[in-house]
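File shown here: entry.tsv, holding TSV, C-alpha atoms and all ligand atoms.
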```
chain	number	residue	atom	x	y	z
A	1	MET	CA	0.44	-21.82	-94.48
A	2	LYS	CA	-0.36	-24.75	-96.68
A	3	VAL	CA	-3.63	-24.21	-98.57
A	4	ILE	CA	-5.49	-27.24	-99.95
A	5	VAL	CA	-8.56	-26.70	-102.14
A	6	LYS	CA	-10.98	-29.55	-102.83
A	7	LYS	CA	-14.11	-29.59	-104.96
A	8	ASP	CA	-16.51	-29.70	-102.02
A	9	GLN	CA	-16.76	-29.89	-98.24
A	10	GLN	CA	-16.98	-33.67	-98.24
A	11	LYS	CA	-13.70	-34.11	-100.12
A	12	ALA	CA	-11.95	-31.49	-97.98
A	13	SER	CA	-13.16	-33.27	-94.84
A	14	VAL	CA	-11.48	-36.47	-95.97
A	15	GLU	CA	-8.21	-34.47	-96.04
A	16	GLY	CA	-9.01	-33.26	-92.51
A	17	TYR	CA	-9.52	-36.84	-91.39
A	18	LYS	CA	-6.18	-37.84	-92.95
A	19	ILE	CA	-4.38	-35.16	-90.93
A	20	PHE	CA	-6.02	-36.47	-87.74
A	21	LYS	CA	-4.94	-39.97	-88.69
A	22	GLU	CA	-1.31	-38.95	-89.28
A	23	ALA	CA	-1.32	-37.09	-85.97
A	24	VAL	CA	-2.66	-40.13	-84.11
A	25	GLN	CA	-0.07	-42.35	-85.80
A	26	SER	CA	2.72	-40.03	-84.73
A	27	GLY	CA	1.59	-40.09	-81.12
A	28	ALA	CA	-0.70	-37.04	-80.75
A	29	LYS	CA	-2.79	-37.30	-77.59
A	30	VAL	CA	-4.35	-33.83	-77.19
A	31	PHE	CA	-6.82	-32.53	-79.74
A	32	GLY	CA	-8.26	-29.01	-79.81
A	33	LEU	CA	-11.78	-29.14	-81.24
A	34	ALA	CA	-14.25	-26.68	-82.74
A	35	THR	CA	-18.02	-26.42	-83.15
A	36	GLY	CA	-20.15	-24.94	-85.93
A	37	SER	CA	-21.36	-26.51	-89.15
A	38	THR	CA	-17.85	-26.57	-90.67
A	39	PRO	CA	-16.24	-29.43	-88.71
A	40	LEU	CA	-19.31	-31.69	-88.85
A	41	THR	CA	-18.24	-33.62	-91.94
A	42	THR	CA	-14.74	-34.08	-90.52
A	43	TYR	CA	-16.29	-35.44	-87.31
A	44	ASP	CA	-18.36	-37.83	-89.47
A	45	GLU	CA	-15.13	-39.09	-91.03
A	46	LEU	CA	-13.57	-39.59	-87.59
A	47	VAL	CA	-16.68	-41.43	-86.39
A	48	LYS	CA	-16.65	-43.75	-89.44
A	49	SER	CA	-12.95	-44.49	-88.98
A	50	ASP	CA	-11.22	-46.96	-86.74
A	51	LEU	CA	-9.20	-44.21	-85.05
A	52	ASP	CA	-9.19	-44.67	-81.30
A	53	PHE	CA	-9.32	-41.60	-79.03
A	54	SER	CA	-10.06	-43.50	-75.82
A	55	ASP	CA	-6.62	-42.60	-74.53
A	56	SER	CA	-6.72	-39.00	-75.81
A	57	ILE	CA	-7.81	-35.65	-74.44
A	58	SER	CA	-10.00	-33.13	-76.23
A	59	ILE	CA	-10.14	-29.43	-75.42
A	60	ASN	CA	-12.83	-27.33	-77.08
A	61	LEU	CA	-12.36	-23.77	-78.19
A	62	ASP	CA	-15.39	-22.16	-76.67
A	63	GLU	CA	-18.78	-22.25	-74.95
A	64	TYR	CA	-21.62	-19.77	-74.60
A	65	VAL	CA	-21.95	-17.96	-71.28
A	66	GLY	CA	-25.15	-18.71	-69.36
A	67	ILE	CA	-26.15	-21.87	-71.20
A	68	SER	CA	-26.32	-25.20	-69.40
A	69	PRO	CA	-24.54	-28.27	-70.82
A	70	ASP	CA	-27.89	-30.04	-71.41
A	71	ASN	CA	-29.28	-27.14	-73.42
A	72	ASP	CA	-29.29	-28.30	-77.03
A	73	GLN	CA	-27.70	-24.99	-78.09
A	74	SER	CA	-24.69	-25.50	-75.87
A	75	TYR	CA	-21.41	-26.50	-77.45
A	76	LYS	CA	-21.14	-29.31	-74.89
A	77	TYR	CA	-24.41	-30.75	-76.23
A	78	PHE	CA	-23.19	-30.32	-79.81
A	79	MET	CA	-19.92	-32.14	-79.16
A	80	ASN	CA	-21.67	-35.00	-77.35
A	81	LYS	CA	-24.19	-35.36	-80.14
A	82	TYR	CA	-21.83	-35.30	-83.11
A	83	LEU	CA	-18.61	-36.75	-81.75
A	84	PHE	CA	-18.14	-37.82	-78.14
A	85	SER	CA	-21.18	-40.13	-77.95
A	86	LYS	CA	-19.87	-42.00	-80.99
A	87	LYS	CA	-16.10	-41.61	-80.58
A	88	PRO	CA	-15.30	-41.21	-76.89
A	89	PHE	CA	-12.18	-39.52	-75.58
A	90	LYS	CA	-10.55	-40.32	-72.23
A	91	LYS	CA	-11.43	-36.81	-71.08
A	92	SER	CA	-13.14	-33.94	-72.89
A	93	TYR	CA	-12.82	-30.37	-71.66
A	94	LEU	CA	-15.07	-27.42	-72.50
A	95	PRO	CA	-15.54	-24.15	-70.64
A	96	ASP	CA	-18.46	-24.31	-68.18
A	97	GLY	CA	-21.07	-21.85	-69.41
A	98	LEU	CA	-22.74	-21.85	-65.99
A	99	ALA	CA	-19.57	-21.26	-63.95
A	100	LYS	CA	-20.45	-19.02	-60.97
A	101	ASP	CA	-17.14	-17.19	-61.03
A	102	PRO	CA	-15.99	-16.35	-64.57
A	103	LYS	CA	-12.52	-15.30	-63.40
A	104	GLU	CA	-12.00	-18.70	-61.77
A	105	GLU	CA	-13.39	-20.47	-64.83
A	106	ILE	CA	-10.94	-18.60	-67.06
A	107	LYS	CA	-8.05	-19.62	-64.77
A	108	ARG	CA	-9.26	-23.22	-64.71
A	109	TYR	CA	-9.41	-23.39	-68.49
A	110	ASP	CA	-5.98	-21.84	-68.91
A	111	ARG	CA	-4.64	-24.48	-66.48
A	112	VAL	CA	-6.29	-27.25	-68.51
A	113	ILE	CA	-4.59	-26.00	-71.68
A	114	ALA	CA	-1.23	-25.50	-69.95
A	115	GLU	CA	-1.34	-29.02	-68.52
A	116	HIS	CA	-2.32	-30.56	-71.86
A	117	PRO	CA	-0.40	-28.87	-74.69
A	118	ILE	CA	-2.47	-29.22	-77.86
A	119	ASP	CA	-0.97	-31.46	-80.53
A	120	LEU	CA	-3.56	-30.78	-83.23
A	121	GLN	CA	-6.08	-27.93	-83.23
A	122	LEU	CA	-9.07	-27.89	-85.56
A	123	LEU	CA	-10.52	-24.46	-86.39
A	124	GLY	CA	-13.38	-22.99	-88.38
A	125	ILE	CA	-13.56	-19.31	-89.27
A	126	GLY	CA	-16.28	-16.71	-88.78
A	127	ARG	CA	-17.41	-14.48	-91.63
A	128	ASN	CA	-15.55	-11.61	-89.94
A	129	GLY	CA	-12.37	-13.67	-89.63
A	130	HIS	CA	-12.87	-14.77	-86.01
A	131	ILE	CA	-11.42	-18.03	-84.71
A	132	GLY	CA	-12.98	-19.61	-81.65
A	133	PHE	CA	-14.80	-16.53	-80.41
A	134	ASN	CA	-11.78	-14.26	-80.82
A	135	GLU	CA	-13.56	-11.40	-82.50
A	136	PRO	CA	-11.82	-8.65	-84.55
A	137	GLY	CA	-9.71	-6.46	-82.28
A	138	THR	CA	-8.86	-9.23	-79.80
A	139	PRO	CA	-5.18	-8.98	-78.79
A	140	PHE	CA	-3.13	-11.79	-80.30
A	141	ASP	CA	-1.56	-12.70	-76.95
A	142	LEU	CA	-4.83	-13.12	-75.02
A	143	GLU	CA	-5.55	-16.50	-73.46
A	144	THR	CA	-8.96	-17.71	-72.23
A	145	HIS	CA	-11.41	-14.84	-71.81
A	146	VAL	CA	-15.08	-13.90	-71.95
A	147	ALA	CA	-15.78	-12.47	-75.40
A	148	ASP	CA	-18.58	-10.08	-76.31
A	149	LEU	CA	-19.98	-11.43	-79.56
A	150	THR	CA	-20.23	-9.00	-82.45
A	151	ASP	CA	-23.57	-8.37	-84.17
A	152	SER	CA	-22.31	-10.23	-87.26
A	153	THR	CA	-21.46	-13.33	-85.18
A	154	ILE	CA	-24.80	-13.20	-83.35
A	155	GLU	CA	-26.60	-12.93	-86.68
A	156	ALA	CA	-24.56	-15.78	-88.23
A	157	ASN	CA	-25.23	-18.06	-85.26
A	158	ALA	CA	-28.93	-17.16	-85.04
A	159	ARG	CA	-29.72	-19.97	-87.47
A	160	PHE	CA	-29.21	-22.44	-84.64
A	161	PHE	CA	-31.69	-20.64	-82.34
A	162	GLU	CA	-35.43	-20.04	-82.55
A	163	HIS	CA	-35.10	-16.24	-82.26
A	164	VAL	CA	-32.07	-14.01	-82.80
A	165	GLU	CA	-32.67	-12.64	-79.27
A	166	ASP	CA	-31.99	-16.12	-77.90
A	167	VAL	CA	-28.38	-16.11	-79.12
A	168	PRO	CA	-26.12	-15.51	-76.11
A	169	LYS	CA	-24.20	-12.24	-76.23
A	170	GLN	CA	-21.07	-13.62	-74.60
A	171	ALA	CA	-18.93	-16.73	-74.74
A	172	TYR	CA	-15.86	-18.16	-73.08
A	173	SER	CA	-13.17	-18.56	-75.68
A	174	MET	CA	-9.72	-20.01	-75.79
A	175	GLY	CA	-7.44	-17.11	-76.72
A	176	ILE	CA	-5.29	-16.68	-79.79
A	177	GLY	CA	-2.22	-16.90	-77.51
A	178	SER	CA	-3.25	-20.48	-76.62
A	179	ILE	CA	-4.35	-21.44	-80.14
A	180	MET	CA	-0.95	-20.37	-81.50
A	181	LYS	CA	0.83	-22.70	-79.06
A	182	SER	CA	-0.79	-25.77	-80.71
A	183	LYS	CA	1.79	-27.88	-82.51
A	184	LYS	CA	-0.26	-28.19	-85.66
A	185	ILE	CA	-3.43	-26.41	-86.81
A	186	ILE	CA	-6.07	-27.28	-89.41
A	187	LEU	CA	-8.42	-24.47	-90.41
A	188	GLU	CA	-11.44	-25.50	-92.46
A	189	ALA	CA	-13.70	-23.11	-94.38
A	190	PHE	CA	-16.52	-24.03	-96.72
A	191	GLY	CA	-18.94	-21.97	-98.81
A	192	ALA	CA	-18.91	-18.64	-100.61
A	193	ASN	CA	-19.82	-16.68	-97.48
A	194	LYS	CA	-16.35	-17.50	-96.08
A	195	ALA	CA	-14.44	-16.43	-99.21
A	196	ASP	CA	-13.70	-12.85	-98.05
A	197	ALA	CA	-12.51	-13.96	-94.62
A	198	VAL	CA	-10.35	-16.68	-96.20
A	199	ALA	CA	-8.70	-14.24	-98.63
A	200	LYS	CA	-7.92	-11.81	-95.81
A	201	MET	CA	-6.59	-14.62	-93.61
A	202	VAL	CA	-4.28	-16.04	-96.30
A	203	GLU	CA	-3.26	-12.98	-98.33
A	204	GLY	CA	-4.02	-9.94	-96.20
A	205	PRO	CA	-1.82	-8.25	-93.64
A	206	VAL	CA	-1.45	-9.88	-90.24
A	207	THR	CA	-3.74	-7.72	-88.15
A	208	GLU	CA	-5.89	-8.05	-85.05
A	209	ASP	CA	-8.75	-6.77	-87.23
A	210	VAL	CA	-8.72	-10.20	-88.91
A	211	PRO	CA	-8.00	-12.61	-86.06
A	212	ALA	CA	-7.32	-15.61	-88.35
A	213	SER	CA	-4.54	-13.69	-90.14
A	214	VAL	CA	-2.31	-14.48	-87.13
A	215	LEU	CA	-2.10	-18.04	-88.48
A	216	GLN	CA	0.32	-16.77	-91.15
A	217	LYS	CA	2.85	-16.66	-88.30
A	218	HIS	CA	2.32	-20.25	-87.17
A	219	PRO	CA	4.87	-22.77	-88.50
A	220	ASP	CA	2.44	-25.62	-89.25
A	221	VAL	CA	-1.02	-24.64	-90.50
A	222	VAL	CA	-3.08	-26.46	-93.13
A	223	VAL	CA	-6.03	-24.51	-94.57
A	224	LEU	CA	-8.65	-26.85	-96.05
A	225	LEU	CA	-11.11	-25.20	-98.41
A	226	ASP	CA	-13.83	-26.06	-100.86
A	227	GLU	CA	-13.79	-24.23	-104.20
A	228	ALA	CA	-16.37	-21.65	-103.08
A	229	ALA	CA	-14.39	-20.62	-99.99
A	230	ALA	CA	-11.24	-20.40	-102.12
A	231	SER	CA	-12.91	-18.29	-104.82
A	232	LYS	CA	-11.34	-14.97	-103.75
A	233	LEU	CA	-7.77	-16.22	-103.42
B	301	LIG	C1	-18.80	-19.88	-84.22
B	301	LIG	C2	-17.70	-20.68	-83.49
B	301	LIG	C3	-16.46	-20.79	-84.33
B	301	LIG	C4	-16.81	-21.25	-85.73
B	301	LIG	C5	-17.71	-20.22	-86.38
B	301	LIG	C6	-18.11	-20.59	-87.79
B	301	LIG	O1	-18.68	-18.53	-84.03
B	301	LIG	N1	-17.36	-20.09	-82.22
B	301	LIG	O2	-15.57	-21.71	-83.71
B	301	LIG	O3	-15.65	-21.42	-86.49
B	301	LIG	O4	-18.89	-20.11	-85.59
B	301	LIG	O5	-19.23	-21.43	-87.76
B	301	LIG	P1	-19.73	-22.30	-88.97
B	301	LIG	O6	-18.75	-23.42	-89.06
B	301	LIG	O7	-21.09	-22.81	-88.55
B	301	LIG	O8	-19.75	-21.43	-90.14
```
Translate this structure into structure tokens?
Amino acid sequence: MKVIVKKDQQKASVEGYKIFKEAVQSGAKVFGLATGSTPLTTYDELVKSDLDFSDSISINLDEYVGISPDNDQSYKYFMNKYLFSKKPFKKSYLPDGLAKDPKEEIKRYDRVIAEHPIDLQLLGIGRNGHIGFNEPGTPFDLETHVADLTDSTIEANARFFEHVEDVPKQAYSMGIGSIMKSKKIILEAFGANKADAVAKMVEGPVTEDVPASVLQKHPDVVVLLDEAAASKL
């Protein structure tokens, strides 16, 4: 794991952008993308840049179950708003939160990932160490699945909803098995409320109790932090 600490989120995001740029220059065509407040500044850098993704594929990590793509809380809506409307990709995949048959949707998403091996995967991290929606206890070899969100994740994501009861209780998530097959991974974490999770991910034992700790076993991971998120290292 290579850990890079910058003064603030903005400066760290410029590093994130540079890694995207190098990947594009070396021929990367499939990008795994994340939602949440963390990647927003990196997406801003991509939008401002002259990088061209019109011949590239994006595959998102996750989507809430039961939320339609036009709902402004859906991850599809988020991605359109902050990235795809400004920097289009040839094709952008997300799980379908309204899929009638979850088992079929899981199979479909696993096929999408198998057919498009991810060159560069961008990740955030939850306060409990989750990546995507792989909550603590999720087996490391799991692929796409429906995850039951923990109370801490529901509470953390409630800020995007009017009432905490409105936060969906389940989400489709790419599994850790699939994330680990990505050629290169960037994990970004900003702010003091991520410092514990970051310390456990980087310095703690590799354990399913801290899903992000599995990244210690990946050969090419860059962890991009601001000073606050790095404060417990
Ligand atoms: C959600 C997403 C994760 C994200 C995490 C952190 O749970 N499923 O992909 O990393 O939130 O979000 P934020 O970046 O807003 O702190």
- Please identify every polymer residue within 8 Å of ligand LIG 301 (chain B), using all atoms listed in the file, and present the set as a ChimeraX atom specification. /A:34-39,61-63,123-127,130-133,153,156-157,173,189-190,194
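Straight-line separation from CA of Asp148 (chain A) to CA of Tyr75 (chain A): 16.7 Å.
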- Message: Could you check the closest approach to Leu224 (chain A) for each of A:Leu122, A:Leu94, A:Leu46, A:Val210 and tell me which residue wins, using only C-alpha atoms?
- Response: A:Leu122
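With all atoms listed in the file as the basis for measurement, A:Ile176 is the residue among A:Val214, A:Ile118, A:Ile113, A:Ile176 that approaches Asn134 (chain A) most closely.
Reported to one decimal place, the separation of CA of Ser54 (chain A) from CA of Val30 (chain A) is 11.3 Å.
Of the listed residues (A:Arg108, A:Ser49, A:Met1, A:Tyr64), A:Tyr64 comes nearest to Ile154 (chain A); the distances count all atoms listed in the file.
A straight line drawn from CA of Lys103 (chain A) to CA of Pro136 (chain A) is 22.2 Å long.
Checking A:Gly129, A:Ala195, A:Thr138, A:Ile67 one by one against Ser213 (chain A), counting all atoms listed in the file, you find the shortest gap at A:Gly129.
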- Task: Mind checking which residues fall within 8 Å of Asp110 (chain A), counting all atoms listed in the file, ignoring those fewer than 3 positions away in the same chain, and posting them as a PyMOL selection string?
- Result: chain A and resi 106-107+113-114+143-144
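Each of A:His116, A:Ser56, A:Glu188, A:Asp151 was checked against Tyr17 (chain A) using only C-alpha atoms; the smallest atom-to-atom distance is that of A:Glu188.
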Would you mind listing what lies within 10 Å of Lys7 (chain A) as a PDB file with C-alpha atoms, in the coordinates of the input, with all atoms listed in the file counted and same-chain residues fewer than 2 positions away left out?
```
ATOM      1  CA  VAL A   5      -8.560 -26.700-102.140  1.00  0.00           C
ATOM      2  CA  GLN A   9     -16.760 -29.890 -98.240  1.00  0.00           C
ATOM      3  CA  GLN A  10     -16.980 -33.670 -98.240  1.00  0.00           C
ATOM      4  CA  LYS A  11     -13.700 -34.110-100.120  1.00  0.00           C
ATOM      5  CA  ALA A  12     -11.950 -31.490 -97.980  1.00  0.00           C
ATOM      6  CA  LEU A 225     -11.110 -25.200 -98.410  1.00  0.00           C
ATOM      7  CA  ASP A 226     -13.830 -26.060-100.860  1.00  0.00           C
ATOM      8  CA  GLU A 227     -13.790 -24.230-104.200  1.00  0.00           C
ATOM      9  CA  ALA A 228     -16.370 -21.650-103.080  1.00  0.00           C
TER      10      ALA A 228
END
```
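Among the candidate residues A:Leu40, A:Asp220, A:Arg111, A:Asp119, the one lying nearest to Phe78 (chain A) is A:Leu40, with distances computed using all atoms listed in the file.
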- Message: If we count all atoms listed in the file and set the cut-off at 10 Å, which residues sit around Lys48 (chain A), ignoring sequence neighbours fewer than 5 positions away in its own chain? Please answer as a PyMOL selection string.
- Response: chain A and resi 42-43+86-87
- Task: Mind checking which residues fall within 9 Å of Glu105 (chain A), counting only C-alpha atoms, ignoring those fewer than 6 positions away in the same chain, and posting them as a PyMOL selection string?
- Result: chain A and resi 95-96+99+172
- Message: When you look at Ala23 (chain A) with a cut-off of 12 Å (counting all atoms listed in the file), what residues show up, excluding the ones that are within fewer than 3 positions of it in the same chain? I need them as an MDAnalysis selection string.
- Response: chainID A and resid 16:20 26:31 51:53 56 118:121 183:186
Residues of the last selection are to be written out with C-alpha atoms, as a CSV table (one decimal), keeping the file's coordinate frame.
```
chain,number,residue,atom,x,y,z
A,16,GLY,CA,-9.0,-33.3,-92.5
A,17,TYR,CA,-9.5,-36.8,-91.4
A,18,LYS,CA,-6.2,-37.8,-93.0
A,19,ILE,CA,-4.4,-35.2,-90.9
A,20,PHE,CA,-6.0,-36.5,-87.7
A,26,SER,CA,2.7,-40.0,-84.7
A,27,GLY,CA,1.6,-40.1,-81.1
A,28,ALA,CA,-0.7,-37.0,-80.8
A,29,LYS,CA,-2.8,-37.3,-77.6
A,30,VAL,CA,-4.4,-33.8,-77.2
A,31,PHE,CA,-6.8,-32.5,-79.7
A,51,LEU,CA,-9.2,-44.2,-85.0
A,52,ASP,CA,-9.2,-44.7,-81.3
A,53,PHE,CA,-9.3,-41.6,-79.0
A,56,SER,CA,-6.7,-39.0,-75.8
A,118,ILE,CA,-2.5,-29.2,-77.9
A,119,ASP,CA,-1.0,-31.5,-80.5
A,120,LEU,CA,-3.6,-30.8,-83.2
A,121,GLN,CA,-6.1,-27.9,-83.2
A,183,LYS,CA,1.8,-27.9,-82.5
A,184,LYS,CA,-0.3,-28.2,-85.7
A,185,ILE,CA,-3.4,-26.4,-86.8
A,186,ILE,CA,-6.1,-27.3,-89.4
```
